[in-house]
file protein_38.pdb (PDB, C-alpha atoms)
ATOM      1  CA  MET A   1       4.677   4.250   0.479
ATOM      2  CA  VAL A   2       2.885   0.911   0.549
ATOM      3  CA  ARG A   3       6.196  -0.910   0.347
ATOM      4  CA  GLU A   4       7.718   1.087   3.191
ATOM      5  CA  ALA A   5       4.639   0.566   5.357
ATOM      6  CA  ARG A   6       4.593  -3.161   4.550
ATOM      7  CA  ILE A   7       8.265  -3.561   5.396
ATOM      8  CA  GLY A   8       7.749  -1.546   8.568
ATOM      9  CA  VAL A   9       5.088  -4.003   9.670
ATOM     10  CA  GLY A  10       7.379  -6.869   8.713
ATOM     11  CA  ILE A  11       5.162  -8.702   6.253
ATOM     12  CA  SER A  12       5.639  -9.951   2.706
ATOM     13  CA  GLN A  13       3.720  -8.792  -0.348
ATOM     14  CA  GLU A  14       1.863 -12.077  -0.239
ATOM     15  CA  GLU A  15       0.847 -11.578   3.394
ATOM     16  CA  LEU A  16      -0.311  -8.015   2.693
ATOM     17  CA  ALA A  17      -2.277  -9.221  -0.315
ATOM     18  CA  ASP A  18      -3.918 -11.949   1.782
ATOM     19  CA  ARG A  19      -4.813  -9.543   4.580
ATOM     20  CA  ALA A  20      -6.213  -6.971   2.124
ATOM     21  CA  GLU A  21      -7.898  -9.633  -0.043
ATOM     22  CA  LEU A  22      -5.936  -8.540  -3.103
ATOM     23  CA  HIS A  23      -3.787 -10.399  -5.589
ATOM     24  CA  ARG A  24      -0.053 -10.364  -4.826
ATOM     25  CA  THR A  25       0.814  -9.130  -8.309
ATOM     26  CA  TYR A  26      -1.570  -6.191  -7.829
ATOM     27  CA  VAL A  27       0.206  -5.275  -4.589
ATOM     28  CA  SER A  28       3.500  -5.436  -6.481
ATOM     29  CA  LEU A  29       2.130  -3.124  -9.174
ATOM     30  CA  LEU A  30       0.923  -0.664  -6.520
ATOM     31  CA  GLU A  31       4.299  -0.661  -4.805
ATOM     32  CA  ARG A  32       6.044   0.084  -8.094
ATOM     33  CA  GLY A  33       3.617   2.883  -8.975
ATOM     34  CA  LYS A  34       2.218   1.004 -11.973
ATOM     35  CA  ARG A  35      -1.372   1.078 -10.701
ATOM     36  CA  ASN A  36      -3.501   3.595  -8.817
ATOM     37  CA  PRO A  37      -5.695   2.127  -6.090
ATOM     38  CA  SER A  38      -9.371   2.827  -5.632
ATOM     39  CA  LEU A  39     -10.592   4.126  -2.284
ATOM     40  CA  ARG A  40     -11.749   0.606  -1.446
ATOM     41  CA  VAL A  41      -8.234  -0.693  -2.030
ATOM     42  CA  VAL A  42      -6.685   2.126   0.032
ATOM     43  CA  GLN A  43      -9.038   1.200   2.880
ATOM     44  CA  ALA A  44      -8.175  -2.500   2.572
ATOM     45  CA  LEU A  45      -4.442  -1.748   2.534
ATOM     46  CA  ALA A  46      -4.676   0.609   5.506
ATOM     47  CA  THR A  47      -6.580  -1.968   7.526
ATOM     48  CA  ALA A  48      -4.150  -4.724   6.535
ATOM     49  CA  LEU A  49      -1.220  -2.512   7.560
ATOM     50  CA  GLY A  50      -2.821  -1.568  10.886
ATOM     51  CA  THR A  51      -3.183   2.108  10.049
ATOM     52  CA  THR A  52      -5.840   4.484   8.768
ATOM     53  CA  MET A  53      -6.555   5.703   5.272
ATOM     54  CA  THR A  54      -5.796   9.236   6.435
ATOM     55  CA  ARG A  55      -2.362   8.318   7.717
ATOM     56  CA  LEU A  56      -1.511   6.248   4.650
ATOM     57  CA  VAL A  57      -2.534   9.010   2.234
ATOM     58  CA  SER A  58      -0.867  11.711   4.359
ATOM     59  CA  GLU A  59       2.432   9.856   4.168
ATOM     60  CA  VAL A  60       2.137   9.581   0.394
ATOM     61  CA  GLU A  61       1.358  13.310   0.122
ATOM     62  CA  ALA A  62       4.314  14.217   2.346
ATOM     63  CA  ARG A  63       6.592  12.081   0.204
ATOM     64  CA  GLN A  64       5.360  13.815  -2.961
ATOM     65  CA  ARG A  65       6.064  17.257  -1.456
ATOM     66  CA  ARG A  66       9.648  16.259  -0.679
ATOM     67  CA  LYS A  67      10.338  15.366  -4.311
TER
END

call {"tool": "encode", "arguments": {"input": "protein_38.pdb", "output": "structure tokens"}}
result
Amino acid sequence: MVREARIGVGISQEELADRAELHRTYVSLLERGKRNPSLRVVQALATALGTTMTRLVSEVEARQRRK
């Protein structure tokens, strides 16, 4: 979901990482499902993507239900 949201906003992994104050490789790992973010990271990502934690998590949950 992070990747889709990032692409929807039209920014690169590097830009998202800069906005969220994360390392670009960590963002890549999150997008590929190799790491699970803490609540602090979810908040930072949501803010960087211009959304809320609730919306970001809700979209992930909806995606999981569709699988």

call {"tool": "closest_atom_pairs", "arguments": {"input": "protein_38.pdb", "of": "region 19-46 of chain A", "to": "region 5-12 of chain A", "cutoff": "12 Å", "atoms": "all atoms listed in the file", "output": "tab-separated table"}}
result
residue	atom	partner	partner_atom	distance
A:Arg19	CA	A:Ile11	CA	10.1
A:Ala20	CA	A:Arg6	CA	11.7
A:Arg24	CA	A:Ser12	CA	9.4
A:Val27	CA	A:Ser12	CA	10.2
A:Ser28	CA	A:Ser12	CA	10.5
A:Leu30	CA	A:Arg6	CA	11.9
A:Glu31	CA	A:Arg6	CA	9.7
A:Leu45	CA	A:Arg6	CA	9.4
A:Ala46	CA	A:Ala5	CA	9.3

call {"tool": "atom_distance", "arguments": {"input": "protein_38.pdb", "atom1": "CA of Glu21 (chain A)", "atom2": "CA of Ala48 (chain A)"}}
result
9.0 Å

call {"tool": "closest_residue", "arguments": {"input": "protein_38.pdb", "among": "A:Ala62, A:Val2, A:Leu22, A:Val57", "to": "Leu39 (chain A)", "atoms": "all atoms listed in the file"}}
result
A:Val57

call {"tool": "atom_distance", "arguments": {"input": "protein_38.pdb", "atom1": "CA of Gln43 (chain A)", "atom2": "CA of Leu56 (chain A)"}}
result
9.2 Å

call {"tool": "atom_distance", "arguments": {"input": "protein_38.pdb", "atom1": "CA of Glu15 (chain A)", "atom2": "CA of Arg35 (chain A)"}}
result
19.1 Å

call {"tool": "closest_residue", "arguments": {"input": "protein_38.pdb", "among": "A:Thr52, A:Met1, A:Tyr26, A:Val42", "to": "Glu14 (chain A)", "atoms": "only C-alpha atoms"}}
result
A:Tyr26

call {"tool": "axis_aligned_box", "arguments": {"input": "protein_38.pdb", "around": "region 47-61 of chain A", "padding_each_side": "5 Å", "output": "JSON"}}
result
{"center_x": -2.1, "center_y": 4.3, "center_z": 5.5, "size_x": 19.0, "size_y": 28.0, "size_z": 20.8}

call {"tool": "build_atoms", "arguments": {"input": "protein_38.pdb", "residues": "region 4-17 of chain A", "atoms": "N, CA, C and O atoms", "output": "mmCIF file, keeping the file's coordinate frame"}}
result
data_model
loop_
_atom_site.group_PDB
_atom_site.id
_atom_site.type_symbol
_atom_site.label_atom_id
_atom_site.label_comp_id
_atom_site.auth_asym_id
_atom_site.auth_seq_id
_atom_site.Cartn_x
_atom_site.Cartn_y
_atom_site.Cartn_z
ATOM 1 N N GLU A 4 7.090 0.688 1.942
ATOM 2 C CA GLU A 4 7.718 1.087 3.191
ATOM 3 C C GLU A 4 6.850 0.700 4.389
ATOM 4 O O GLU A 4 7.352 0.205 5.404
ATOM 5 N N ALA A 5 5.559 0.920 4.268
ATOM 6 C CA ALA A 5 4.639 0.566 5.357
ATOM 7 C C ALA A 5 4.621 -0.947 5.563
ATOM 8 O O ALA A 5 4.628 -1.429 6.704
ATOM 9 N N ARG A 6 4.609 -1.697 4.476
ATOM 10 C CA ARG A 6 4.593 -3.161 4.550
ATOM 11 C C ARG A 6 5.863 -3.677 5.220
ATOM 12 O O ARG A 6 5.809 -4.520 6.124
ATOM 13 N N ILE A 7 6.991 -3.145 4.808
ATOM 14 C CA ILE A 7 8.265 -3.561 5.396
ATOM 15 C C ILE A 7 8.316 -3.169 6.873
ATOM 16 O O ILE A 7 8.791 -3.938 7.712
ATOM 17 N N GLY A 8 7.790 -1.994 7.179
ATOM 18 C CA GLY A 8 7.749 -1.546 8.568
ATOM 19 C C GLY A 8 6.948 -2.466 9.473
ATOM 20 O O GLY A 8 7.275 -2.646 10.647
ATOM 21 N N VAL A 9 5.913 -3.064 8.913
ATOM 22 C CA VAL A 9 5.088 -4.003 9.670
ATOM 23 C C VAL A 9 5.736 -5.389 9.683
ATOM 24 O O VAL A 9 5.403 -6.234 10.503
ATOM 25 N N GLY A 10 6.659 -5.595 8.751
ATOM 26 C CA GLY A 10 7.379 -6.869 8.713
ATOM 27 C C GLY A 10 6.644 -7.998 8.029
ATOM 28 O O GLY A 10 6.749 -9.154 8.448
ATOM 29 N N ILE A 11 5.891 -7.658 6.979
ATOM 30 C CA ILE A 11 5.162 -8.702 6.253
ATOM 31 C C ILE A 11 5.566 -8.697 4.776
ATOM 32 O O ILE A 11 6.063 -7.710 4.254
ATOM 33 N N SER A 12 5.329 -9.809 4.130
ATOM 34 C CA SER A 12 5.639 -9.951 2.706
ATOM 35 C C SER A 12 4.507 -9.373 1.864
ATOM 36 O O SER A 12 3.403 -9.097 2.367
ATOM 37 N N GLN A 13 4.781 -9.221 0.571
ATOM 38 C CA GLN A 13 3.720 -8.792 -0.348
ATOM 39 C C GLN A 13 2.571 -9.781 -0.315
ATOM 40 O O GLN A 13 1.402 -9.384 -0.338
ATOM 41 N N GLU A 14 2.899 -11.046 -0.259
ATOM 42 C CA GLU A 14 1.863 -12.077 -0.239
ATOM 43 C C GLU A 14 0.987 -11.963 1.002
ATOM 44 O O GLU A 14 -0.238 -12.068 0.925
ATOM 45 N N GLU A 15 1.613 -11.741 2.153
ATOM 46 C CA GLU A 15 0.847 -11.578 3.394
ATOM 47 C C GLU A 15 -0.038 -10.335 3.333
ATOM 48 O O GLU A 15 -1.202 -10.376 3.733
ATOM 49 N N LEU A 16 0.495 -9.233 2.830
ATOM 50 C CA LEU A 16 -0.311 -8.015 2.693
ATOM 51 C C LEU A 16 -1.486 -8.265 1.759
ATOM 52 O O LEU A 16 -2.615 -7.882 2.057
ATOM 53 N N ALA A 17 -1.211 -8.911 0.642
ATOM 54 C CA ALA A 17 -2.277 -9.221 -0.315
ATOM 55 C C ALA A 17 -3.356 -10.082 0.336
ATOM 56 O O ALA A 17 -4.548 -9.815 0.167
#
